[in-house]
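**Q** Here you go, this is protein.cif (mmCIF, C-alpha atoms).
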```cif
data_run
loop_
_atom_site.group_PDB
_atom_site.id
_atom_site.type_symbol
_atom_site.label_atom_id
_atom_site.label_comp_id
_atom_site.auth_asym_id
_atom_site.auth_seq_id
_atom_site.Cartn_x
_atom_site.Cartn_y
_atom_site.Cartn_z
ATOM 1 C CA MET Y 1 19.121 -4.680 55.893
ATOM 2 C CA THR Y 2 16.177 -6.900 56.826
ATOM 3 C CA SER Y 3 13.011 -5.690 58.500
ATOM 4 C CA VAL Y 4 12.328 -7.220 61.916
ATOM 5 C CA ASN Y 5 8.719 -7.422 63.085
ATOM 6 C CA PRO Y 6 8.316 -5.565 66.428
ATOM 7 C CA GLN Y 7 5.681 -8.087 67.513
ATOM 8 C CA GLU Y 8 8.189 -10.885 67.015
ATOM 9 C CA VAL Y 9 10.733 -9.025 69.132
ATOM 10 C CA ALA Y 10 8.110 -8.539 71.858
ATOM 11 C CA ARG Y 11 7.259 -12.258 71.762
ATOM 12 C CA LEU Y 12 10.896 -13.267 72.071
ATOM 13 C CA SER Y 13 11.514 -10.705 74.827
ATOM 14 C CA LEU Y 14 8.811 -12.354 76.919
ATOM 15 C CA ILE Y 15 10.328 -15.791 76.348
ATOM 16 C CA ALA Y 16 13.759 -14.471 77.345
ATOM 17 C CA ALA Y 17 12.341 -12.980 80.549
ATOM 18 C CA ARG Y 18 10.750 -16.320 81.428
ATOM 19 C CA ALA Y 19 14.049 -18.071 80.768
ATOM 20 C CA ARG Y 20 15.887 -15.704 83.123
ATOM 21 C CA ARG Y 21 13.312 -16.328 85.836
ATOM 22 C CA ASP Y 22 13.734 -20.084 85.402
ATOM 23 C CA ILE Y 23 17.528 -19.822 85.467
ATOM 24 C CA VAL Y 24 17.567 -17.823 88.705
ATOM 25 C CA GLU Y 25 14.918 -19.997 90.368
ATOM 26 C CA THR Y 26 16.851 -23.132 89.450
ATOM 27 C CA LEU Y 27 20.161 -21.722 90.653
ATOM 28 C CA GLY Y 28 18.555 -20.852 93.967
ATOM 29 C CA SER Y 29 16.825 -24.190 94.448
ATOM 30 C CA VAL Y 30 19.758 -26.471 93.604
ATOM 31 C CA GLY Y 31 22.536 -24.300 95.055
ATOM 32 C CA SER Y 32 24.980 -24.681 92.179
ATOM 33 C CA GLY Y 33 25.540 -23.763 88.538
ATOM 34 C CA HIS Y 34 27.052 -20.957 86.470
ATOM 35 C CA PRO Y 35 24.990 -17.758 86.875
ATOM 36 C CA GLY Y 36 27.032 -15.290 84.816
ATOM 37 C CA PRO Y 37 27.633 -17.395 81.700
ATOM 38 C CA SER Y 38 24.030 -18.608 81.620
ATOM 39 C CA LEU Y 39 22.447 -15.167 81.922
ATOM 40 C CA SER Y 40 24.649 -13.661 79.205
ATOM 41 C CA ILE Y 41 23.440 -15.991 76.435
ATOM 42 C CA VAL Y 42 19.673 -15.968 76.951
ATOM 43 C CA GLU Y 43 18.744 -13.760 73.981
ATOM 44 C CA ILE Y 44 21.111 -15.651 71.693
ATOM 45 C CA LEU Y 45 19.481 -18.960 72.583
ATOM 46 C CA VAL Y 46 15.927 -17.626 72.409
ATOM 47 C CA SER Y 47 16.473 -16.127 68.957
ATOM 48 C CA LEU Y 48 17.937 -19.433 67.782
ATOM 49 C CA TYR Y 49 15.406 -21.862 69.226
ATOM 50 C CA PHE Y 50 12.284 -19.773 68.701
ATOM 51 C CA SER Y 51 13.062 -18.159 65.350
ATOM 52 C CA GLU Y 52 16.163 -19.294 63.498
ATOM 53 C CA LEU Y 53 16.595 -23.044 63.902
ATOM 54 C CA ARG Y 54 14.618 -25.548 61.845
ATOM 55 C CA ILE Y 55 13.786 -28.066 64.572
ATOM 56 C CA ASP Y 56 10.918 -30.208 65.842
ATOM 57 C CA PRO Y 57 10.744 -30.757 69.635
ATOM 58 C CA ALA Y 58 8.515 -33.780 69.070
ATOM 59 C CA ARG Y 59 11.292 -35.320 66.958
ATOM 60 C CA PRO Y 60 14.604 -34.271 68.533
ATOM 61 C CA ARG Y 61 16.566 -36.506 66.129
ATOM 62 C CA TRP Y 62 14.701 -35.486 62.963
ATOM 63 C CA PRO Y 63 17.351 -35.965 60.237
ATOM 64 C CA GLU Y 64 16.557 -32.692 58.458
ATOM 65 C CA ARG Y 65 16.927 -30.514 61.547
ATOM 66 C CA ASP Y 66 19.451 -27.723 61.895
ATOM 67 C CA ARG Y 67 22.170 -28.463 64.456
ATOM 68 C CA PHE Y 68 23.069 -26.184 67.340
ATOM 69 C CA ILE Y 69 26.155 -26.890 69.456
ATOM 70 C CA LEU Y 70 26.691 -25.159 72.786
ATOM 71 C CA SER Y 71 30.492 -25.221 72.807
ATOM 72 C CA LYS Y 72 30.584 -23.162 76.037
ATOM 73 C CA GLY Y 73 29.008 -26.035 77.904
ATOM 74 C CA HIS Y 74 29.055 -24.249 81.266
ATOM 75 C CA GLY Y 75 26.089 -22.214 79.962
ATOM 76 C CA ALA Y 76 24.006 -25.399 80.050
ATOM 77 C CA LEU Y 77 21.348 -24.095 82.433
ATOM 78 C CA ALA Y 78 20.371 -21.334 80.013
ATOM 79 C CA CYS Y 79 20.097 -23.891 77.252
ATOM 80 C CA TYR Y 80 17.921 -26.137 79.421
ATOM 81 C CA ALA Y 81 15.622 -23.245 80.333
ATOM 82 C CA VAL Y 82 15.113 -22.436 76.648
ATOM 83 C CA LEU Y 83 14.746 -26.087 75.611
ATOM 84 C CA ALA Y 84 12.041 -26.532 78.245
ATOM 85 C CA GLN Y 85 10.091 -23.540 76.964
ATOM 86 C CA ARG Y 86 10.475 -24.825 73.405
ATOM 87 C CA GLY Y 87 8.855 -28.104 74.436
ATOM 88 C CA PHE Y 88 11.743 -30.573 74.490
ATOM 89 C CA PHE Y 89 10.953 -31.576 78.086
ATOM 90 C CA PRO Y 90 8.737 -30.300 80.942
ATOM 91 C CA ARG Y 91 9.748 -27.076 82.664
ATOM 92 C CA GLU Y 92 9.343 -28.839 86.015
ATOM 93 C CA GLU Y 93 12.366 -30.978 85.157
ATOM 94 C CA LEU Y 94 14.617 -27.941 85.647
ATOM 95 C CA ALA Y 95 14.331 -28.605 89.387
ATOM 96 C CA THR Y 96 16.473 -31.740 88.886
ATOM 97 C CA PHE Y 97 19.415 -29.749 87.480
ATOM 98 C CA GLU Y 98 22.779 -31.269 88.484
ATOM 99 C CA SER Y 99 21.043 -33.963 90.539
ATOM 100 C CA LEU Y 100 22.128 -37.595 90.511
ATOM 101 C CA GLY Y 101 20.291 -39.391 87.715
ATOM 102 C CA SER Y 102 18.941 -36.220 86.134
ATOM 103 C CA ARG Y 103 18.898 -35.673 82.378
ATOM 104 C CA LEU Y 104 20.035 -32.103 83.075
ATOM 105 C CA GLN Y 105 23.639 -32.279 84.174
ATOM 106 C CA GLY Y 106 25.970 -29.339 84.809
ATOM 107 C CA HIS Y 107 27.327 -29.659 81.285
ATOM 108 C CA PRO Y 108 25.209 -30.891 78.367
ATOM 109 C CA ASP Y 109 25.015 -34.632 77.690
ATOM 110 C CA CYS Y 110 23.712 -35.582 74.254
ATOM 111 C CA GLN Y 111 22.999 -39.109 75.464
ATOM 112 C CA LEU Y 112 20.596 -37.827 78.100
ATOM 113 C CA THR Y 113 19.000 -34.538 77.114
ATOM 114 C CA PRO Y 114 16.525 -34.112 74.233
ATOM 115 C CA GLY Y 115 17.640 -31.300 71.944
ATOM 116 C CA VAL Y 116 21.332 -31.469 72.901
ATOM 117 C CA GLU Y 117 23.519 -32.327 69.901
ATOM 118 C CA LEU Y 118 26.925 -32.679 71.574
ATOM 119 C CA SER Y 119 28.255 -33.329 75.062
ATOM 120 C CA THR Y 120 30.348 -30.254 75.834
ATOM 121 C CA GLY Y 121 32.344 -28.797 78.682
ATOM 122 C CA SER Y 122 35.908 -29.252 77.485
ATOM 123 C CA LEU Y 123 36.276 -25.848 75.866
ATOM 124 C CA GLY Y 124 37.357 -25.378 72.275
ATOM 125 C CA GLN Y 125 35.767 -28.534 70.880
ATOM 126 C CA GLY Y 126 32.407 -27.404 69.543
ATOM 127 C CA LEU Y 127 33.404 -25.502 66.419
ATOM 128 C CA SER Y 128 35.317 -28.488 65.031
ATOM 129 C CA VAL Y 129 32.190 -30.633 65.336
ATOM 130 C CA ALA Y 130 30.054 -27.900 63.777
ATOM 131 C CA VAL Y 131 32.456 -27.806 60.822
ATOM 132 C CA GLY Y 132 32.015 -31.561 60.474
ATOM 133 C CA VAL Y 133 28.243 -31.179 60.545
ATOM 134 C CA ALA Y 134 28.340 -28.533 57.838
ATOM 135 C CA VAL Y 135 30.665 -30.589 55.641
ATOM 136 C CA GLY Y 136 28.560 -33.698 56.192
ATOM 137 C CA ALA Y 137 25.371 -31.881 55.236
ATOM 138 C CA ARG Y 138 26.968 -30.766 51.984
ATOM 139 C CA LEU Y 139 28.241 -34.253 51.152
ATOM 140 C CA LEU Y 140 24.786 -35.717 51.817
ATOM 141 C CA GLY Y 141 23.036 -32.992 49.836
ATOM 142 C CA LYS Y 142 21.045 -31.862 52.880
ATOM 143 C CA ASP Y 143 19.795 -28.305 53.201
ATOM 144 C CA LEU Y 144 20.566 -27.897 56.874
ATOM 145 C CA ARG Y 145 22.665 -25.428 58.819
ATOM 146 C CA ALA Y 146 25.104 -25.748 61.709
ATOM 147 C CA TYR Y 147 25.368 -23.212 64.532
ATOM 148 C CA CYS Y 148 27.954 -23.084 67.311
ATOM 149 C CA LEU Y 149 27.979 -20.824 70.372
ATOM 150 C CA LEU Y 150 31.425 -20.169 71.866
ATOM 151 C CA GLY Y 151 32.634 -18.128 74.799
ATOM 152 C CA ASP Y 152 35.039 -15.279 74.114
ATOM 153 C CA GLY Y 153 37.737 -16.718 76.375
ATOM 154 C CA GLU Y 154 37.153 -20.102 74.775
ATOM 155 C CA THR Y 155 38.398 -18.719 71.472
ATOM 156 C CA GLU Y 156 41.883 -18.500 72.955
ATOM 157 C CA GLU Y 157 42.020 -22.255 72.304
ATOM 158 C CA GLY Y 158 44.178 -23.067 69.292
ATOM 159 C CA ASN Y 159 41.870 -25.725 67.885
ATOM 160 C CA VAL Y 160 39.138 -23.102 67.492
ATOM 161 C CA TRP Y 161 41.315 -21.429 64.876
ATOM 162 C CA GLU Y 162 42.157 -24.732 63.224
ATOM 163 C CA ALA Y 163 38.432 -25.282 62.812
ATOM 164 C CA ALA Y 164 38.021 -21.710 61.566
ATOM 165 C CA MET Y 165 40.640 -22.309 58.856
ATOM 166 C CA SER Y 166 38.918 -25.516 57.766
ATOM 167 C CA ALA Y 167 35.526 -23.820 57.584
ATOM 168 C CA ALA Y 168 36.918 -21.125 55.306
ATOM 169 C CA LYS Y 169 38.801 -23.640 53.147
ATOM 170 C CA PHE Y 170 35.599 -25.585 52.504
ATOM 171 C CA ARG Y 171 33.575 -22.377 51.977
ATOM 172 C CA LEU Y 172 30.977 -23.459 54.560
ATOM 173 C CA ASP Y 173 28.233 -20.895 54.107
ATOM 174 C CA ASN Y 174 25.901 -23.243 56.017
ATOM 175 C CA LEU Y 175 27.891 -22.642 59.214
ATOM 176 C CA VAL Y 176 27.404 -19.836 61.749
ATOM 177 C CA ALA Y 177 29.547 -19.320 64.836
ATOM 178 C CA ILE Y 178 28.270 -17.029 67.592
ATOM 179 C CA VAL Y 179 30.744 -15.677 70.137
ATOM 180 C CA ASP Y 180 29.368 -14.652 73.532
ATOM 181 C CA TRP Y 181 31.651 -11.648 73.998
ATOM 182 C CA ASN Y 182 31.063 -10.577 77.603
ATOM 183 C CA GLY Y 183 34.694 -9.598 78.258
ATOM 184 C CA LEU Y 184 35.105 -11.975 81.205
ATOM 185 C CA GLN Y 185 36.260 -15.556 81.538
ATOM 186 C CA GLY Y 186 36.188 -17.692 84.655
ATOM 187 C CA GLY Y 187 37.000 -15.300 87.462
ATOM 188 C CA VAL Y 188 39.081 -12.820 85.469
ATOM 189 C CA THR Y 189 38.816 -10.250 82.705
ATOM 190 C CA LEU Y 190 40.049 -11.032 79.233
ATOM 191 C CA GLU Y 191 42.694 -8.330 79.566
ATOM 192 C CA VAL Y 192 44.834 -10.480 81.870
ATOM 193 C CA MET Y 193 45.024 -13.190 79.198
ATOM 194 C CA PRO Y 194 46.778 -13.115 75.814
ATOM 195 C CA SER Y 195 45.115 -10.405 73.714
ATOM 196 C CA LEU Y 196 42.394 -11.422 71.273
ATOM 197 C CA GLU Y 197 42.284 -8.017 69.622
ATOM 198 C CA PRO Y 198 41.758 -7.023 66.891
ATOM 199 C CA TYR Y 199 39.062 -9.671 67.246
ATOM 200 C CA GLY Y 200 36.829 -9.235 64.221
ATOM 201 C CA ALA Y 201 39.868 -8.701 62.010
ATOM 202 C CA LYS Y 202 41.238 -12.083 63.126
ATOM 203 C CA TRP Y 203 38.111 -13.884 61.912
ATOM 204 C CA GLU Y 204 38.185 -11.897 58.684
ATOM 205 C CA ALA Y 205 41.817 -12.869 58.155
ATOM 206 C CA PHE Y 206 40.783 -16.504 58.589
ATOM 207 C CA GLY Y 207 38.255 -16.090 55.762
ATOM 208 C CA TRP Y 208 35.018 -15.525 57.691
ATOM 209 C CA HIS Y 209 32.223 -13.016 57.212
ATOM 210 C CA VAL Y 210 32.037 -11.039 60.472
ATOM 211 C CA LEU Y 211 29.001 -9.409 62.081
ATOM 212 C CA ASP Y 212 29.512 -7.450 65.318
ATOM 213 C CA ILE Y 213 26.263 -6.781 67.187
ATOM 214 C CA PRO Y 214 24.796 -6.005 70.634
ATOM 215 C CA GLY Y 215 24.127 -9.492 71.924
ATOM 216 C CA HIS Y 216 21.027 -8.752 74.016
ATOM 217 C CA ASP Y 217 19.260 -6.919 71.176
ATOM 218 C CA LEU Y 218 16.806 -9.440 69.751
ATOM 219 C CA ALA Y 219 16.149 -7.396 66.618
ATOM 220 C CA ALA Y 220 19.906 -7.231 65.957
ATOM 221 C CA LEU Y 221 20.230 -10.985 66.487
ATOM 222 C CA LEU Y 222 17.377 -11.801 64.115
ATOM 223 C CA GLU Y 223 18.821 -9.479 61.495
ATOM 224 C CA ALA Y 224 22.296 -10.999 61.913
ATOM 225 C CA PHE Y 225 20.980 -14.526 61.366
ATOM 226 C CA ALA Y 226 19.102 -13.359 58.270
ATOM 227 C CA ARG Y 227 22.236 -11.681 56.915
ATOM 228 C CA ALA Y 228 24.266 -14.830 57.606
ATOM 229 C CA ARG Y 229 21.842 -16.845 55.488
ATOM 230 C CA ALA Y 230 22.437 -14.460 52.591
ATOM 231 C CA VAL Y 231 26.231 -14.880 52.669
ATOM 232 C CA LYS Y 232 27.554 -17.269 50.033
ATOM 233 C CA GLY Y 233 30.930 -18.951 49.830
ATOM 234 C CA LYS Y 234 32.162 -18.384 53.386
ATOM 235 C CA PRO Y 235 31.099 -19.063 56.991
ATOM 236 C CA THR Y 236 29.767 -16.291 59.237
ATOM 237 C CA VAL Y 237 30.738 -15.410 62.790
ATOM 238 C CA ILE Y 238 28.467 -13.222 64.900
ATOM 239 C CA VAL Y 239 30.370 -11.424 67.646
ATOM 240 C CA ALA Y 240 27.586 -10.817 70.172
ATOM 241 C CA ARG Y 241 28.584 -8.150 72.705
ATOM 242 C CA THR Y 242 26.910 -9.272 75.920
ATOM 243 C CA VAL Y 243 26.936 -8.612 79.665
ATOM 244 C CA LYS Y 244 27.899 -11.426 81.999
ATOM 245 C CA GLY Y 245 25.125 -11.853 84.571
ATOM 246 C CA ARG Y 246 22.648 -9.875 82.441
ATOM 247 C CA GLY Y 247 19.367 -9.135 84.200
ATOM 248 C CA VAL Y 248 20.625 -9.282 87.793
ATOM 249 C CA SER Y 249 22.123 -5.929 88.729
ATOM 250 C CA PHE Y 250 24.781 -7.089 91.202
ATOM 251 C CA MET Y 251 25.993 -9.850 88.853
ATOM 252 C CA GLU Y 252 26.424 -7.728 85.747
ATOM 253 C CA HIS Y 253 30.053 -7.286 84.605
ATOM 254 C CA GLN Y 254 31.262 -9.191 87.685
ATOM 255 C CA ALA Y 255 33.792 -11.944 86.968
ATOM 256 C CA ASP Y 256 33.299 -13.660 90.324
ATOM 257 C CA TRP Y 257 29.722 -14.601 89.383
ATOM 258 C CA HIS Y 258 31.027 -17.080 86.837
ATOM 259 C CA GLY Y 259 30.257 -20.018 89.115
ATOM 260 C CA LYS Y 260 29.318 -18.519 92.472
ATOM 261 C CA LYS Y 261 26.512 -19.963 94.612
ATOM 262 C CA LEU Y 262 23.313 -17.879 94.679
ATOM 263 C CA GLU Y 263 21.613 -17.857 98.087
ATOM 264 C CA GLY Y 264 20.195 -15.751 100.923
ATOM 265 C CA ALA Y 265 19.551 -12.065 100.377
ATOM 266 C CA GLU Y 266 21.271 -12.163 96.990
ATOM 267 C CA LEU Y 267 18.861 -14.851 95.805
ATOM 268 C CA VAL Y 268 15.885 -12.823 97.020
ATOM 269 C CA GLN Y 269 17.140 -9.737 95.179
ATOM 270 C CA ALA Y 270 17.938 -11.664 91.991
ATOM 271 C CA LEU Y 271 14.501 -13.281 91.934
ATOM 272 C CA GLY Y 272 12.865 -9.933 92.552
ATOM 273 C CA GLU Y 273 14.676 -8.309 89.635
ATOM 274 C CA VAL Y 274 14.030 -11.011 87.044
ATOM 275 C CA LYS Y 275 10.397 -11.396 88.097
ATOM 276 C CA ALA Y 276 9.847 -7.632 87.957
ATOM 277 C CA ARG Y 277 11.107 -7.628 84.372
ATOM 278 C CA LEU Y 278 8.823 -10.538 83.490
ATOM 279 C CA ASP Y 279 5.805 -8.917 85.176
ATOM 280 C CA ALA Y 280 6.397 -5.690 83.233
ATOM 281 C CA LEU Y 281 6.435 -7.545 79.926
ATOM 282 C CA GLU Y 282 3.413 -9.665 80.855
ATOM 283 C CA ALA Y 283 1.491 -6.473 81.691
ATOM 284 C CA VAL Y 284 1.859 -5.078 78.164
ATOM 285 C CA ARG Y 285 1.336 -8.350 76.316
ATOM 286 C CA PRO Y 286 -1.504 -8.039 73.765
#
```
Output the structure of this file as structure tokens.

**A**
Amino acid sequence: MTSVNPQEVARLSLIAARARRDIVETLGSVGSGHPGPSLSIVEILVSLYFSELRIDPARPRWPERDRFILSKGHGALACYAVLAQRGFFPREELATFESLGSRLQGHPDCQLTPGVELSTGSLGQGLSVAVGVAVGARLLGKDLRAYCLLGDGETEEGNVWEAAMSAAKFRLDNLVAIVDWNGLQGGVTLEVMPSLEPYGAKWEAFGWHVLDIPGHDLAALLEAFARARAVKGKPTVIVARTVKGRGVSFMEHQADWHGKKLEGAELVQALGEVKARLDALEAVRP
């Protein structure tokens, strides 16, 4: 087990709180977006972009960079909020989200947005591309890693498992999949769909190393990424148990906040809650 620096966790917690504020403010100002799926992946993205990934915001296409693919493209706003904090583009640009001509569309566009590796939105596609990245890196002799974030419902897609089989066949230990397991998809619970259980055992049967962690625990995320780096001869999947709508009390665990408009009294309450969390962390910052 690796040792995680508490100061690093505190630093990342503050970044995550700022990202949640920016997500809620943007949702309120533009009147559209996906609140639940964006809020559930904040800690995953922060731990990746501010600790795990080898990247350079000043050179978004640096050939030696690690590649991250947001396969659940409807979580784009969370990704944009984190990319802005990481320095890929100004935070003020978040106000143009989903606007005509904006670089920040409702689903990621790799032709427009610095730091976005793949245009996503059609679910089930990202892991196949991540497998290709990992294979390509090996063939080129490059020491880079590929990461792919999927939704739990997204993994009902058959081509996800085709990609999983290929990753195991080629022993891609430079590939990490992260599953945002919040138990909800679209406007329904996973239980009404074909069963994915036993979930971890499925990935193991497909030849993957499986880590099952609390997905909002930054220390657990950092440790999981470190453990994934130590695995040799097989890819790793991190099943991150999250809460849809995390950080806004009336959104948490609620399927109907997948793509619902945030306005009026609900917007005021949501802003109050995320800003209170940020203020509390700012108050104890060294």

**Q** Could you name the residues that touch Ser51 (chain Y) at 9 Å or less, counting all atoms listed in the file, but leaving out those on the same chain fewer than 2 positions away, as a list in words?

**A**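 Counting all atoms listed in the file, the residues come to Glu8, Leu12, Val46, Ser47, Leu48, Tyr49, Leu53, Arg54 and Leu222 of chain Y.
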
**Q** What would the selection look like, as a list of chain:residue names, if the PyMOL selection byres ((chain Y and resi 32-40) around 7) were run on the coordinates I just shared?

**A**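 After applying the PyMOL selection byres ((chain Y and resi 32-40) around 7), what remains is Y:Arg20, Y:Leu27, Y:Val30, Y:Gly31, Y:Ile41, Y:Val42, Y:His74, Y:Gly75, Y:Ala76, Y:Leu77, Y:Ala78, Y:Gly106, Y:Thr242, Y:Val243, Y:Lys244, Y:Gly245, Y:Arg246, Y:Met251, Y:Trp257, Y:His258, Y:Gly259, Y:Lys260, Y:Lys261.
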
**Q** Carefully work through the PyMOL selection byres ((chain Y and resi 285) around 10) for this structure and note down the residues it includes, as a list in words.

**A**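 On the file shown, the PyMOL selection byres ((chain Y and resi 285) around 10) covers Gln7, Ala10, Arg11, Leu14, Asp279, Ala280, Leu281, Glu282, Ala283, Val284 and Pro286 of chain Y.
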
**Q** Please, what distance in Å, to one decimal, runs between CA of Asp109 (chain Y) and CA of Gly121 (chain Y)?

**A**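 Atom-to-atom, CA of Asp109 (chain Y) to CA of Gly121 (chain Y), that is 9.4 Å.
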
**Q** To one decimal place in Å, what is the distance between CA of Glu263 (chain Y) and CA of Gly101 (chain Y)?

**A** 23.9 Å

**Q** Would you please work out which residue, of Y:Gly28, Y:Asp217, Y:Thr155, Y:Ala168, is nearest to Glu197 (chain Y) when using all atoms listed in the file?

**A**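 For Glu197 (chain Y), the nearest of the candidates is Y:Thr155.
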
**Q** Name the closest residue to Arg18 (chain Y) among the candidates Y:Asp152, Y:Val248, Y:Ser195, Y:Leu278; distances are taken between atoms, counting all atoms listed in the file.

**A** Y:Leu278

**Q** When you look at Ser166 (chain Y) with a cut-off of 12 Å (counting all atoms listed in the file), what residues show up, excluding the ones that are within fewer than 2 positions of it in the same chain? I need them as an mmCIF file with C-alpha atoms, keeping the file's coordinate frame.

**A**
```cif
data_model
loop_
_atom_site.group_PDB
_atom_site.id
_atom_site.type_symbol
_atom_site.label_atom_id
_atom_site.label_comp_id
_atom_site.auth_asym_id
_atom_site.auth_seq_id
_atom_site.Cartn_x
_atom_site.Cartn_y
_atom_site.Cartn_z
ATOM 1 C CA LEU Y 127 33.404 -25.502 66.419
ATOM 2 C CA SER Y 128 35.317 -28.488 65.031
ATOM 3 C CA VAL Y 129 32.190 -30.633 65.336
ATOM 4 C CA ALA Y 130 30.054 -27.900 63.777
ATOM 5 C CA VAL Y 131 32.456 -27.806 60.822
ATOM 6 C CA GLY Y 132 32.015 -31.561 60.474
ATOM 7 C CA ALA Y 134 28.340 -28.533 57.838
ATOM 8 C CA VAL Y 135 30.665 -30.589 55.641
ATOM 9 C CA ASN Y 159 41.870 -25.725 67.885
ATOM 10 C CA VAL Y 160 39.138 -23.102 67.492
ATOM 11 C CA TRP Y 161 41.315 -21.429 64.876
ATOM 12 C CA GLU Y 162 42.157 -24.732 63.224
ATOM 13 C CA ALA Y 163 38.432 -25.282 62.812
ATOM 14 C CA ALA Y 164 38.021 -21.710 61.566
ATOM 15 C CA ALA Y 168 36.918 -21.125 55.306
ATOM 16 C CA LYS Y 169 38.801 -23.640 53.147
ATOM 17 C CA PHE Y 170 35.599 -25.585 52.504
ATOM 18 C CA ARG Y 171 33.575 -22.377 51.977
ATOM 19 C CA LEU Y 172 30.977 -23.459 54.560
ATOM 20 C CA LEU Y 175 27.891 -22.642 59.214
ATOM 21 C CA PHE Y 206 40.783 -16.504 58.589
ATOM 22 C CA GLY Y 207 38.255 -16.090 55.762
ATOM 23 C CA TRP Y 208 35.018 -15.525 57.691
ATOM 24 C CA LYS Y 234 32.162 -18.384 53.386
ATOM 25 C CA PRO Y 235 31.099 -19.063 56.991
#
```

**Q** What lies within 9 Å of Pro57 (chain Y) using all atoms listed in the file, ignoring chain neighbours under 6 positions off, as a PyMOL selection string?

**A** chain Y and resi 83+86-89+114-115

**Q** Just the number, please: distance in Å from CA of Pro214 (chain Y) to CA of Leu94 (chain Y), one decimal.

**A**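 Separation between CA of Pro214 (chain Y) and CA of Leu94 (chain Y): 28.5 Å.
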
**Q** Pick out the closest residue to His216 (chain Y) from this set: Y:Gly247, Y:Gly233, Y:Pro198, Y:Gly141. Count all atoms listed in the file.

**A**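 Ranking Y:Gly247, Y:Gly233, Y:Pro198, Y:Gly141 by distance to His216 (chain Y), first place goes to Y:Gly247.
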
**Q** Translate the PyMOL selection byres ((chain Y and resi 154) around 9), as applied to the file shown, into an explicit residue set as a list in words.

**A**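 Residues picked by the PyMOL selection byres ((chain Y and resi 154) around 9): Ser71, Lys72, Leu123, Gly124, Leu150, Gly151, Asp152, Gly153, Thr155, Glu156, Glu157, Val160 and Gln185 of chain Y.
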
**Q** Can you tell me which residues surround Val116 (chain Y) at a distance of at most 12 Å, considering all atoms listed in the file, apart from same-chain residues fewer than 5 positions away, and format the answer as a list in words?

**A**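 Near Val116 (chain Y), the qualifying residues are Tyr49, Ile55, Pro57, Pro60, Arg61, Asp66, Arg67, Phe68, Ile69, Leu70, Ser71, Gly73, Ala76, Cys79, Tyr80, Val82, Leu83, Ala84, Phe88, Phe89, Arg103, Leu104, Gln105, His107, Pro108, Asp109, Cys110 and Gln111 of chain Y.
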